[in-house]
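J.: Pasting a structure below so you can have a look.
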Amino acid sequence: MCLSIPGKLIEITAVLDETFRTGKVSFDGILKEVSLTLVPEARIGDYVMVHVGAAISTVNEEEARKTFELLKQLGELHELDPEGE
């Protein structure tokens with residue numbers, strides 16, 4: 001099953017131009033580098049849905065928290081485990 005996981009954009013780490021950017025996203029304290037190319041509107045503090053290393057949409061904080069908690073309950077966050085990389 002393909003899932004996107006919500007996380008909070010905490011830093012823009014690279015900007016080639018206004019389209020091609022990368023940033024650090026926090027998934028409950030686990031930080032990952034993510035492409036922001038598909039969400040040019042995303043700003044620091046926004047919540048984004050991430051699939052295969054790319055943010056694919058922005059979501060509000062309440063929806064992000066609900067989704068993350070549900071994924072946690074289902075045990076679907078194993079890919080975020082730094083030990084598993």
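Identifiers for the structure tokens are assigned positionally: chains receive A, B, ... in sequence, residues are indexed from 1 per chain, and ligands are indexed from 1 in the order shown.
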With a distance cut-off of 9 Å and only C-alpha atoms, select the neighbouring residues of Thr67 in chain A, excluding the residue or stretch itself and same-chain residues fewer than 5 positions from it, and output the selection as an NGL selection string.

T.: :A and (5-6 or 62 or 72)

J.: Could the residues in this selection be written to a file with N, CA, C and O atoms, as a PDB file, in the first residue's frame?

T.:
ATOM      1  N   ILE A   5       2.735  10.436   4.510  1.00  0.00           N
ATOM      2  CA  ILE A   5       2.829  10.634   5.948  1.00  0.00           C
ATOM      3  C   ILE A   5       2.938  12.130   6.223  1.00  0.00           C
ATOM      4  O   ILE A   5       3.749  12.825   5.600  1.00  0.00           O
ATOM      5  N   PRO A   6       2.139  12.649   7.158  1.00  0.00           N
ATOM      6  CA  PRO A   6       2.212  14.079   7.459  1.00  0.00           C
ATOM      7  C   PRO A   6       3.393  14.413   8.355  1.00  0.00           C
ATOM      8  O   PRO A   6       3.760  13.652   9.244  1.00  0.00           O
ATOM      9  N   GLU A  62      -4.438  20.040  12.375  1.00  0.00           N
ATOM     10  CA  GLU A  62      -5.343  19.062  12.987  1.00  0.00           C
ATOM     11  C   GLU A  62      -5.415  17.780  12.162  1.00  0.00           C
ATOM     12  O   GLU A  62      -5.331  16.672  12.694  1.00  0.00           O
ATOM     13  N   LYS A  72       0.366   5.687  13.335  1.00  0.00           N
ATOM     14  CA  LYS A  72       1.117   5.157  14.475  1.00  0.00           C
ATOM     15  C   LYS A  72       0.390   3.944  15.066  1.00  0.00           C
ATOM     16  O   LYS A  72       0.998   2.910  15.329  1.00  0.00           O
TER      17      LYS A  72
END

J.: Going by DSSP on the backbone, which residues of chain A come out as strand (DSSP E)? List them as an MDAnalysis selection string.

T.: chainID A and resid 5:15 21:27 30:35 47:51 54:59

J.: Please produce an output containing C-alpha atoms for each residue in the selection, written as a PDB file, in the first residue's frame.

T.:
ATOM      1  CA  ILE A   5       2.829  10.634   5.948  1.00  0.00           C
ATOM      2  CA  PRO A   6       2.212  14.079   7.459  1.00  0.00           C
ATOM      3  CA  GLY A   7       5.092  16.051   8.891  1.00  0.00           C
ATOM      4  CA  LYS A   8       5.943  19.620   9.841  1.00  0.00           C
ATOM      5  CA  LEU A   9       8.272  21.610   7.599  1.00  0.00           C
ATOM      6  CA  ILE A  10      10.876  23.037   9.958  1.00  0.00           C
ATOM      7  CA  GLU A  11      13.586  24.321   7.609  1.00  0.00           C
ATOM      8  CA  ILE A  12      14.172  25.106   3.940  1.00  0.00           C
ATOM      9  CA  THR A  13      17.592  23.584   3.271  1.00  0.00           C
ATOM     10  CA  ALA A  14      18.185  24.307  -0.421  1.00  0.00           C
ATOM     11  CA  VAL A  15      16.672  26.636  -3.003  1.00  0.00           C
ATOM     12  CA  ARG A  21      13.522  23.446  -3.076  1.00  0.00           C
ATOM     13  CA  THR A  22      14.250  20.913  -0.366  1.00  0.00           C
ATOM     14  CA  GLY A  23      13.542  21.076   3.324  1.00  0.00           C
ATOM     15  CA  LYS A  24      13.716  19.262   6.640  1.00  0.00           C
ATOM     16  CA  VAL A  25      10.429  17.782   7.773  1.00  0.00           C
ATOM     17  CA  SER A  26       9.792  16.541  11.306  1.00  0.00           C
ATOM     18  CA  PHE A  27       7.773  13.372  11.739  1.00  0.00           C
ATOM     19  CA  ILE A  30      12.355  12.228  13.303  1.00  0.00           C
ATOM     20  CA  LEU A  31      13.872  14.565  10.698  1.00  0.00           C
ATOM     21  CA  LYS A  32      13.992  13.754   6.994  1.00  0.00           C
ATOM     22  CA  GLU A  33      15.168  15.707   3.953  1.00  0.00           C
ATOM     23  CA  VAL A  34      12.231  16.119   1.555  1.00  0.00           C
ATOM     24  CA  SER A  35      11.718  17.547  -1.931  1.00  0.00           C
ATOM     25  CA  TYR A  47       2.316  20.565   7.535  1.00  0.00           C
ATOM     26  CA  VAL A  48       2.945  18.566   4.383  1.00  0.00           C
ATOM     27  CA  MET A  49       2.006  15.067   3.243  1.00  0.00           C
ATOM     28  CA  VAL A  50       5.175  13.201   2.197  1.00  0.00           C
ATOM     29  CA  HIS A  51       5.333  10.203  -0.132  1.00  0.00           C
ATOM     30  CA  ALA A  54       8.544  14.233  -1.785  1.00  0.00           C
ATOM     31  CA  ALA A  55       5.974  16.527  -0.213  1.00  0.00           C
ATOM     32  CA  ILE A  56       2.844  16.117  -2.331  1.00  0.00           C
ATOM     33  CA  SER A  57       0.390  18.467  -0.587  1.00  0.00           C
ATOM     34  CA  THR A  58      -0.097  20.714   2.387  1.00  0.00           C
ATOM     35  CA  VAL A  59      -2.606  19.951   5.147  1.00  0.00           C
TER      36      VAL A  59
END

J.: Looking at A:Leu80, A:Thr37, A:Ile44, A:Gln73, which one is nearest to Asp17 in chain A, with distances taken over only C-alpha atoms?

T.: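 Checking each of A:Leu80, A:Thr37, A:Ile44, A:Gln73 against Asp17 in chain A, counting only C-alpha atoms, the winner is A:Thr37.
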
J.: Using DSSP on the backbone, list every residue of chain A that comes out as alpha helix (DSSP H), and give them as a list in words.

T.: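 Those in chain A that DSSP calls alpha helix (DSSP H) are Glu61, Glu62, Glu63, Ala64, Arg65, Lys66, Thr67, Phe68, Glu69, Leu70, Leu71, Lys72, Gln73 and Leu74 of chain A.
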
J.: Choose the residue, out of A:Ala64, A:Leu77, A:Leu16, A:Leu71, that has the smallest atom-to-atom separation from Asp46 in chain A; count only C-alpha atoms.

T.: A:Ala64

J.: What is the distance between CA of Pro40 in chain A and CA of Thr19 in chain A, in Å to one decimal?

T.: 5.8 Å
